[in-house]
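The structure file work31.cif is reproduced below (mmCIF, C-alpha atoms).
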data_data
loop_
_atom_site.label_atom_id
_atom_site.label_comp_id
_atom_site.auth_asym_id
_atom_site.auth_seq_id
_atom_site.Cartn_x
_atom_site.Cartn_y
_atom_site.Cartn_z
CA MET A 1 -74.55 3.18 -6.84
CA PRO A 2 -76.97 2.42 -4.00
CA LEU A 3 -76.42 -0.79 -2.08
CA PRO A 4 -78.35 -3.76 -3.50
CA ALA A 5 -81.88 -4.29 -2.19
CA SER A 6 -80.78 -7.63 -0.74
CA VAL A 7 -78.52 -5.84 1.77
CA THR A 8 -80.58 -5.62 4.94
CA ARG A 9 -80.65 -2.62 7.20
CA LEU A 10 -78.94 -3.02 10.53
CA ASP A 11 -81.47 -2.99 13.36
CA ARG A 12 -79.16 -1.45 15.92
CA GLU A 13 -76.16 0.83 15.98
CA PRO A 14 -73.40 -1.62 15.09
CA SER A 15 -69.72 -1.43 15.78
CA ARG A 16 -67.27 -0.31 13.16
CA GLU A 17 -66.27 -3.95 12.72
CA ILE A 18 -69.74 -5.08 11.64
CA ILE A 19 -69.99 -2.33 9.03
CA TYR A 20 -66.39 -2.91 7.98
CA ARG A 21 -67.03 -6.62 7.32
CA LYS A 22 -70.23 -5.89 5.40
CA LEU A 23 -68.63 -3.26 3.15
CA LYS A 24 -65.49 -5.34 2.68
CA GLY A 25 -67.56 -8.28 1.48
CA LEU A 26 -69.36 -6.06 -1.02
CA ILE A 27 -66.04 -4.75 -2.33
CA LEU A 28 -64.44 -8.18 -2.62
CA ASP A 29 -67.35 -9.70 -4.54
CA LEU A 30 -67.52 -6.61 -6.80
CA THR A 31 -71.02 -5.56 -5.72
CA LEU A 32 -69.24 -2.26 -5.06
CA ARG A 33 -67.22 -1.85 -8.25
CA PRO A 34 -63.68 -0.52 -8.64
CA LEU A 35 -63.64 3.31 -8.70
CA GLU A 36 -67.21 3.49 -7.40
CA VAL A 37 -67.67 6.57 -5.23
CA LEU A 38 -68.73 5.91 -1.64
CA LYS A 39 -70.60 8.56 0.35
CA ASP A 40 -70.62 8.03 4.09
CA GLY A 41 -73.99 9.76 4.54
CA GLU A 42 -75.66 7.63 1.88
CA LEU A 43 -74.12 4.43 3.24
CA ALA A 44 -75.21 5.33 6.77
CA ARG A 45 -78.78 5.96 5.60
CA GLN A 46 -78.96 2.68 3.67
CA LEU A 47 -77.59 0.69 6.58
CA GLY A 48 -79.69 2.54 9.15
CA VAL A 49 -76.76 3.76 11.25
CA SER A 50 -74.98 7.02 12.01
CA ARG A 51 -72.10 8.35 9.94
CA THR A 52 -69.45 7.83 12.63
CA PRO A 53 -69.07 4.02 12.46
CA VAL A 54 -69.30 4.18 8.66
CA ARG A 55 -66.44 6.67 8.54
CA GLU A 56 -64.40 4.50 10.90
CA ALA A 57 -65.04 1.44 8.73
CA LEU A 58 -64.05 3.35 5.60
CA ARG A 59 -60.79 4.45 7.22
CA LYS A 60 -59.96 0.83 8.05
CA LEU A 61 -60.73 -0.26 4.48
CA GLU A 62 -58.49 2.54 3.22
CA ASP A 63 -55.68 1.33 5.48
CA GLU A 64 -56.05 -2.07 3.79
CA GLY A 65 -55.91 -0.56 0.32
CA LEU A 66 -59.46 -1.50 -0.66
CA ILE A 67 -60.64 2.09 -0.91
CA GLU A 68 -58.89 5.38 -1.58
CA SER A 69 -59.79 9.00 -0.94
CA GLN A 70 -58.94 12.53 -1.94
CA ARG A 71 -59.36 14.84 1.03
CA ASN A 72 -62.61 16.82 0.88
CA GLN A 73 -63.31 15.51 -2.64
CA TRP A 74 -64.14 11.82 -2.85
CA THR A 75 -63.84 8.37 -1.35
CA ARG A 76 -64.02 5.47 -3.76
CA VAL A 77 -63.31 1.78 -4.18
CA SER A 78 -59.68 1.28 -5.18
CA PRO A 79 -58.94 0.39 -8.81
CA ILE A 80 -57.80 -3.10 -9.75
CA VAL A 81 -54.37 -3.46 -11.34
CA PRO A 82 -54.08 -6.64 -13.46
CA ARG A 83 -50.30 -6.87 -13.16
CA HIS A 84 -50.71 -7.48 -9.44
CA LEU A 85 -51.69 -11.03 -10.40
CA LEU A 86 -48.19 -11.60 -11.72
CA GLU A 87 -46.79 -10.27 -8.45
CA ILE A 88 -49.10 -12.20 -6.13
CA TYR A 89 -48.91 -15.68 -7.63
CA PRO A 90 -45.21 -16.41 -6.93
CA VAL A 91 -45.56 -15.11 -3.37
CA ASN A 92 -48.65 -17.22 -2.83
CA GLN A 93 -46.85 -20.21 -4.31
CA ALA A 94 -44.00 -19.91 -1.80
CA LEU A 95 -46.39 -19.46 1.12
CA HIS A 96 -48.58 -22.42 0.21
CA VAL A 97 -45.64 -24.75 -0.34
CA THR A 98 -44.28 -23.68 3.05
CA ALA A 99 -47.69 -24.29 4.63
CA LEU A 100 -47.78 -27.77 3.11
CA ARG A 101 -44.38 -28.64 4.55
CA LEU A 102 -45.40 -27.45 8.01
CA ALA A 103 -48.78 -29.16 7.90
CA PHE A 104 -47.85 -32.42 6.17
CA THR A 105 -47.43 -34.66 9.20
CA ARG A 106 -50.38 -33.02 10.98
CA LEU A 107 -52.98 -33.66 8.28
CA GLY A 108 -55.41 -36.29 9.54
CA LYS A 109 -58.45 -38.08 8.16
CA GLU A 110 -60.78 -35.20 9.00
CA ASP A 111 -58.50 -32.78 7.17
CA LEU A 112 -58.46 -34.99 4.08
CA LEU A 113 -62.25 -35.19 4.20
CA ALA A 114 -62.45 -31.39 4.42
CA LEU A 115 -60.06 -31.04 1.49
CA ARG A 116 -62.05 -33.48 -0.66
CA SER A 117 -65.31 -31.75 0.27
CA ALA A 118 -63.99 -28.30 -0.66
CA ASN A 119 -62.62 -29.60 -3.96
CA ALA A 120 -65.89 -31.35 -4.82
CA ALA A 121 -67.77 -28.14 -4.08
CA MET A 122 -65.36 -26.22 -6.30
CA SER A 123 -65.93 -28.67 -9.15
CA ALA A 124 -69.71 -28.33 -8.75
CA THR A 125 -69.64 -24.52 -8.79
CA ILE A 126 -67.45 -24.52 -11.89
CA ALA A 127 -70.00 -26.74 -13.62
CA ARG A 128 -72.66 -24.14 -12.74
CA HIS A 129 -70.41 -21.30 -13.96
CA ARG A 130 -70.32 -19.54 -10.60
CA ALA A 131 -66.93 -17.89 -10.52
CA ALA A 132 -67.19 -16.23 -7.11
CA GLU A 133 -68.31 -19.44 -5.40
CA ALA A 134 -65.56 -21.42 -7.14
CA LEU A 135 -62.95 -19.01 -5.83
CA ARG A 136 -64.34 -19.31 -2.31
CA CYS A 137 -64.21 -23.10 -2.54
CA ASP A 138 -60.63 -22.94 -3.77
CA ALA A 139 -59.73 -20.71 -0.82
CA ALA A 140 -61.48 -23.12 1.56
CA PHE A 141 -59.46 -26.03 0.16
CA HIS A 142 -56.13 -24.30 0.74
CA ARG A 143 -57.25 -22.91 4.10
CA VAL A 144 -57.36 -26.44 5.53
CA ILE A 145 -53.63 -26.87 4.89
CA VAL A 146 -52.69 -23.34 5.89
CA GLU A 147 -54.49 -23.55 9.22
CA ARG A 148 -53.04 -26.99 9.96
CA ALA A 149 -49.57 -25.47 9.46
CA GLY A 150 -50.10 -23.67 12.77
CA ASN A 151 -48.30 -20.46 11.85
CA PRO A 152 -50.46 -17.37 12.56
CA LEU A 153 -48.31 -15.02 10.46
CA LEU A 154 -48.45 -17.33 7.47
CA THR A 155 -52.23 -17.63 7.89
CA GLU A 156 -52.59 -13.84 7.99
CA LEU A 157 -50.46 -13.31 4.88
CA VAL A 158 -52.32 -15.95 2.89
CA ALA A 159 -55.70 -14.50 3.87
CA TRP A 160 -54.59 -11.01 2.79
CA LEU A 161 -53.32 -12.25 -0.58
CA THR A 162 -56.39 -14.43 -1.16
CA GLU A 163 -58.66 -11.41 -0.83
CA ARG A 164 -56.69 -9.46 -3.39
CA LEU A 165 -56.63 -12.37 -5.81
CA GLN A 166 -60.38 -12.80 -5.54
CA ARG A 167 -61.10 -9.21 -6.54
CA ILE A 168 -58.68 -9.22 -9.48
CA GLU A 169 -59.80 -12.58 -10.82
CA LEU A 170 -63.48 -11.71 -10.57
CA ALA A 171 -62.99 -8.32 -12.23
CA HIS A 172 -60.90 -9.43 -15.20
CA PHE A 173 -61.39 -13.13 -15.60
CA GLY A 174 -65.07 -13.78 -14.94
CA GLN A 175 -64.93 -17.21 -16.52
CA VAL A 176 -64.12 -20.20 -14.30
CA GLU A 177 -63.22 -22.75 -16.95
CA SER A 178 -59.55 -22.58 -15.97
CA GLY A 179 -60.56 -23.71 -12.50
CA SER A 180 -61.12 -27.23 -13.85
CA ALA A 181 -57.35 -27.67 -14.10
CA SER A 182 -57.03 -26.53 -10.51
CA VAL A 183 -59.56 -29.15 -9.39
CA GLU A 184 -57.45 -31.87 -11.03
CA GLU A 185 -54.30 -30.47 -9.43
CA HIS A 186 -56.02 -30.60 -6.06
CA ARG A 187 -56.89 -34.25 -6.65
CA ALA A 188 -53.27 -35.05 -7.50
CA LEU A 189 -52.20 -33.20 -4.36
CA LEU A 190 -54.65 -35.23 -2.27
CA ARG A 191 -53.30 -38.47 -3.72
CA ALA A 192 -49.76 -37.46 -2.80
CA ILE A 193 -50.80 -36.49 0.74
CA GLY A 194 -52.70 -39.74 1.13
CA ALA A 195 -49.63 -41.69 0.03
CA GLY A 196 -47.44 -39.81 2.50
CA ASN A 197 -45.25 -38.52 -0.33
CA LEU A 198 -44.15 -35.01 0.63
CA ALA A 199 -41.97 -34.49 -2.45
CA ALA A 200 -44.86 -35.33 -4.79
CA ALA A 201 -47.23 -33.17 -2.74
CA GLU A 202 -44.85 -30.20 -2.95
CA LYS A 203 -44.60 -30.68 -6.70
CA GLN A 204 -48.38 -30.59 -7.07
CA MET A 205 -48.76 -27.58 -4.80
CA THR A 206 -46.08 -25.74 -6.77
CA ARG A 207 -47.85 -26.60 -10.01
CA ASN A 208 -51.17 -25.42 -8.62
CA TRP A 209 -49.73 -21.96 -7.98
CA GLU A 210 -47.64 -21.50 -11.12
CA CYS A 211 -50.56 -21.16 -13.53
CA PRO A 212 -51.73 -17.54 -13.38
CA ILE A 213 -54.83 -16.76 -15.41
CA VAL A 214 -52.94 -13.99 -17.20
CA THR A 215 -50.69 -15.62 -19.81
CA GLY A 216 -49.03 -14.83 -23.10
CA ALA A 217 -50.01 -11.55 -24.70
CA ALA A 218 -52.39 -10.83 -21.83
CA ALA A 219 -49.49 -11.12 -19.40
CA GLU A 220 -47.43 -8.62 -21.37
CA GLU A 221 -50.36 -6.21 -21.39
CA ALA A 222 -50.87 -6.66 -17.63
CA LEU A 223 -47.25 -5.88 -16.95
CA ARG A 224 -47.56 -2.61 -18.86
CA THR A 225 -50.71 -1.62 -16.95
#
Take the structure in the file and write it out as structure tokens.
Amino acid sequence: MPLPASVTRLDREPSREIIYRKLKGLILDLTLRPLEVLKDGELARQLGVSRTPVREALRKLEDEGLIESQRNQWTRVSPIVPRHLLEIYPVNQALHVTALRLAFTRLGKEDLLALRSANAAMSATIARHRAAEALRCDAAFHRVIVERAGNPLLTELVAWLTERLQRIELAHFGQVESGSASVEEHRALLRAIGAGNLAAAEKQMTRNWECPIVTGAAAEEALRT
């Protein structure tokens, strides 16, 4: 499909990175849908640039697994595989618990304020039924702890997994009602952090990441996909 009318043309020849970030954002928020064919010439025309930086951006997105191509036939947005949720959650759980342990003694008043603000924003977006915004707020909440952990590799891994979770959750689980439980788990986590109770905080963080949206019969179906 053509890019949405709200996507502005680029006034100057941008670098591959600018185009890459723009296209990546459109893929992650499902403006560009899974399996949608991407034509470099059409994208270049819509963005007001030459084909070369578009092709370079597409190659980088392919390296990240967000698009796929068949030589001389097509380039398209990669499909979404529901069972990946069941693979990502336990890894994310381990990473976030590790981040909490590393960050625990470093979390100050400003960090707690940032955590509360992100969680309040998440609650508000859930009330307005805005799934994509709720997921971004959830990511912002956890990012405070991950960044305070001070481990660049951990930060990179979490960011990579967060992107993949966002696309899967938006594609298959457009409702955000389940996020209300996550908001309450965040509040319990904040209480534990505020009390200086690492064991309780770890328990809440573990709980927050052991509730995949795919459960029961849906989980069995996802595993077969």
Checklist line | Contacts of Arg136 in chain A within 10 Å, all atoms listed in the file, excl. fewer than 2 positions in-chain, as a PyMOL selection string | finding: chain A and resi 118+121-122+125+131-134+138-141+162-163+166
Note to self: Give me the residues near range 69-73 of chain A as a ChimeraX atom specification, where near means some atom within 10 Å (using all atoms listed in the file) and where sequence neighbours in that chain fewer than 2 positions away do not count.
What the structure shows: /A:37-38,58-59,62,67,75-78
Spatial neighbours of Ala120 in chain A, max dist 12 Å, all atoms listed in the file, sep filter under 4 positions, as a PDB file with C-alpha atoms, keeping the file's coordinate frame:
ATOM      1  CA  LEU A 113     -62.250 -35.190   4.200  1.00  0.00           C
ATOM      2  CA  ALA A 114     -62.450 -31.390   4.420  1.00  0.00           C
ATOM      3  CA  LEU A 115     -60.060 -31.040   1.490  1.00  0.00           C
ATOM      4  CA  ARG A 116     -62.050 -33.480  -0.660  1.00  0.00           C
ATOM      5  CA  ALA A 124     -69.710 -28.330  -8.750  1.00  0.00           C
ATOM      6  CA  THR A 125     -69.640 -24.520  -8.790  1.00  0.00           C
ATOM      7  CA  ILE A 126     -67.450 -24.520 -11.890  1.00  0.00           C
ATOM      8  CA  ALA A 127     -70.000 -26.740 -13.620  1.00  0.00           C
ATOM      9  CA  ALA A 134     -65.560 -21.420  -7.140  1.00  0.00           C
ATOM     10  CA  CYS A 137     -64.210 -23.100  -2.540  1.00  0.00           C
ATOM     11  CA  ASP A 138     -60.630 -22.940  -3.770  1.00  0.00           C
ATOM     12  CA  ALA A 140     -61.480 -23.120   1.560  1.00  0.00           C
ATOM     13  CA  PHE A 141     -59.460 -26.030   0.160  1.00  0.00           C
ATOM     14  CA  SER A 180     -61.120 -27.230 -13.850  1.00  0.00           C
ATOM     15  CA  SER A 182     -57.030 -26.530 -10.510  1.00  0.00           C
ATOM     16  CA  VAL A 183     -59.560 -29.150  -9.390  1.00  0.00           C
ATOM     17  CA  GLU A 184     -57.450 -31.870 -11.030  1.00  0.00           C
ATOM     18  CA  HIS A 186     -56.020 -30.600  -6.060  1.00  0.00           C
ATOM     19  CA  ARG A 187     -56.890 -34.250  -6.650  1.00  0.00           C
TER      20      ARG A 187
END
Next item on the list: Give me, please, the distance in Å between CA of Ile145 in chain A and CA of Arg164 in chain A, quoted to one decimal.
Entry: 19.5 Å
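Counting all atoms listed in the file and comparing A:Gly150, A:Leu86, A:Val144, A:Pro34, the residue that lies closest to Lys109 in chain A is A:Val144.
CA of Leu153 in chain A sits 16.8 Å away from CA of Ile88 in chain A.
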Radius query 10 Å about (-46.0, -24.5, -5.7), atoms used: all atoms listed in the file, as a CSV table (one decimal) with C-alpha atoms, in the frame of the given file:
chain,number,residue,atom,x,y,z
A,89,TYR,CA,-48.9,-15.7,-7.6
A,90,PRO,CA,-45.2,-16.4,-6.9
A,91,VAL,CA,-45.6,-15.1,-3.4
A,92,ASN,CA,-48.6,-17.2,-2.8
A,93,GLN,CA,-46.8,-20.2,-4.3
A,94,ALA,CA,-44.0,-19.9,-1.8
A,95,LEU,CA,-46.4,-19.5,1.1
A,96,HIS,CA,-48.6,-22.4,0.2
A,97,VAL,CA,-45.6,-24.8,-0.3
A,98,THR,CA,-44.3,-23.7,3.0
A,100,LEU,CA,-47.8,-27.8,3.1
A,201,ALA,CA,-47.2,-33.2,-2.7
A,202,GLU,CA,-44.8,-30.2,-3.0
A,203,LYS,CA,-44.6,-30.7,-6.7
A,204,GLN,CA,-48.4,-30.6,-7.1
A,205,MET,CA,-48.8,-27.6,-4.8
A,206,THR,CA,-46.1,-25.7,-6.8
A,207,ARG,CA,-47.8,-26.6,-10.0
A,208,ASN,CA,-51.2,-25.4,-8.6
A,209,TRP,CA,-49.7,-22.0,-8.0
A,210,GLU,CA,-47.6,-21.5,-11.1
A,211,CYS,CA,-50.6,-21.2,-13.5
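Using only C-alpha atoms, the nearest neighbour of Gln46 in chain A within the list A:Pro82, A:Pro4, A:Gly25, A:Gly65 is A:Pro4.
Going from CA of Lys39 in chain A to CA of Trp74 in chain A covers 7.9 Å.
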Margin query: When you count only C-alpha atoms, which of these residues is closest to Arg33 in chain A: A:Gly194, A:Pro152, A:Pro53, A:Pro79?
Written below: A:Pro79
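Residues matched by the PyMOL selection byres ((chain A and resi 18) around 12) in this structure: Leu10, Arg12, Glu13, Pro14, Ser15, Arg16, Glu17, Ile19, Tyr20, Arg21, Lys22, Leu23, Lys24, Gly25, Leu47, Val49, Pro53, Val54, Glu56, Ala57, Leu58 and Lys60 of chain A.
The shortest atom-to-atom distance to Asp111 in chain A, with all atoms listed in the file taken into account, belongs to A:Leu190 out of A:Leu161, A:Leu190, A:Leu35, A:Ala44.
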Could you rebuild range 53-76 of chain A with N, CA, C and O atoms and give it back as a compact mmCIF listing (two decimals), keeping the file's coordinate frame?
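Once written, selection_17.txt looks like this:
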# COMPACT_ATOMS: atom_id res chain seq x y z
N PRO A 53 -69.66 5.35 12.68
CA PRO A 53 -69.07 4.02 12.46
C PRO A 53 -68.79 3.73 10.99
O PRO A 53 -67.87 2.97 10.67
N VAL A 54 -69.57 4.35 10.09
CA VAL A 54 -69.30 4.18 8.66
C VAL A 54 -67.96 4.81 8.31
O VAL A 54 -67.14 4.20 7.60
N ARG A 55 -67.71 6.01 8.81
CA ARG A 55 -66.44 6.67 8.54
C ARG A 55 -65.27 5.87 9.10
O ARG A 55 -64.21 5.75 8.48
N GLU A 56 -65.46 5.31 10.29
CA GLU A 56 -64.40 4.50 10.90
C GLU A 56 -64.13 3.24 10.07
O GLU A 56 -62.98 2.85 9.87
N ALA A 57 -65.19 2.62 9.58
CA ALA A 57 -65.04 1.44 8.73
C ALA A 57 -64.33 1.79 7.43
O ALA A 57 -63.46 1.05 6.96
N LEU A 58 -64.69 2.92 6.85
CA LEU A 58 -64.05 3.35 5.60
C LEU A 58 -62.57 3.63 5.80
O LEU A 58 -61.74 3.31 4.93
N ARG A 59 -62.21 4.20 6.95
CA ARG A 59 -60.79 4.45 7.22
C ARG A 59 -60.02 3.13 7.31
O ARG A 59 -58.89 3.03 6.82
N LYS A 60 -60.63 2.13 7.94
CA LYS A 60 -59.96 0.83 8.05
C LYS A 60 -59.80 0.18 6.67
O LYS A 60 -58.74 -0.38 6.36
N LEU A 61 -60.81 0.28 5.84
CA LEU A 61 -60.73 -0.26 4.48
C LEU A 61 -59.68 0.48 3.66
O LEU A 61 -59.00 -0.12 2.83
N GLU A 62 -59.53 1.78 3.92
CA GLU A 62 -58.49 2.54 3.22
C GLU A 62 -57.11 2.10 3.67
O GLU A 62 -56.19 1.98 2.86
N ASP A 63 -56.96 1.84 4.97
CA ASP A 63 -55.68 1.33 5.48
C ASP A 63 -55.30 0.01 4.80
O ASP A 63 -54.12 -0.28 4.62
N GLU A 64 -56.31 -0.78 4.42
CA GLU A 64 -56.05 -2.07 3.79
C GLU A 64 -55.91 -1.96 2.27
O GLU A 64 -55.67 -2.95 1.59
N GLY A 65 -56.09 -0.75 1.75
CA GLY A 65 -55.91 -0.56 0.32
C GLY A 65 -57.13 -0.89 -0.53
O GLY A 65 -57.04 -0.90 -1.76
N LEU A 66 -58.27 -1.15 0.10
CA LEU A 66 -59.46 -1.50 -0.66
C LEU A 66 -60.26 -0.29 -1.10
O LEU A 66 -61.08 -0.37 -2.02
N ILE A 67 -60.06 0.84 -0.43
CA ILE A 67 -60.64 2.09 -0.91
C ILE A 67 -59.55 3.16 -0.88
O ILE A 67 -58.50 2.98 -0.25
N GLU A 68 -59.81 4.25 -1.56
CA GLU A 68 -58.89 5.38 -1.58
C GLU A 68 -59.70 6.66 -1.49
O GLU A 68 -60.90 6.67 -1.79
N SER A 69 -59.05 7.74 -1.08
CA SER A 69 -59.79 9.00 -0.94
C SER A 69 -58.91 10.17 -1.29
O SER A 69 -57.68 10.11 -1.22
N GLN A 70 -59.58 11.25 -1.71
CA GLN A 70 -58.94 12.53 -1.94
C GLN A 70 -59.59 13.49 -0.96
O GLN A 70 -60.82 13.68 -1.02
N ARG A 71 -58.82 14.05 -0.06
CA ARG A 71 -59.36 14.84 1.03
C ARG A 71 -60.36 15.88 0.55
O ARG A 71 -60.08 16.66 -0.37
N ASN A 72 -61.54 15.87 1.17
CA ASN A 72 -62.61 16.82 0.88
C ASN A 72 -63.14 16.73 -0.55
O ASN A 72 -63.83 17.65 -1.02
N GLN A 73 -62.82 15.65 -1.27
CA GLN A 73 -63.31 15.51 -2.64
C GLN A 73 -64.09 14.22 -2.84
O GLN A 73 -65.27 14.26 -3.18
N TRP A 74 -63.43 13.08 -2.64
CA TRP A 74 -64.14 11.82 -2.85
C TRP A 74 -63.49 10.68 -2.07
O TRP A 74 -62.33 10.74 -1.68
N THR A 75 -64.31 9.66 -1.86
CA THR A 75 -63.84 8.37 -1.35
C THR A 75 -64.39 7.34 -2.32
O THR A 75 -65.57 7.37 -2.67
N ARG A 76 -63.56 6.44 -2.77
CA ARG A 76 -64.02 5.47 -3.76
C ARG A 76 -63.32 4.12 -3.58
O ARG A 76 -62.28 4.03 -2.92
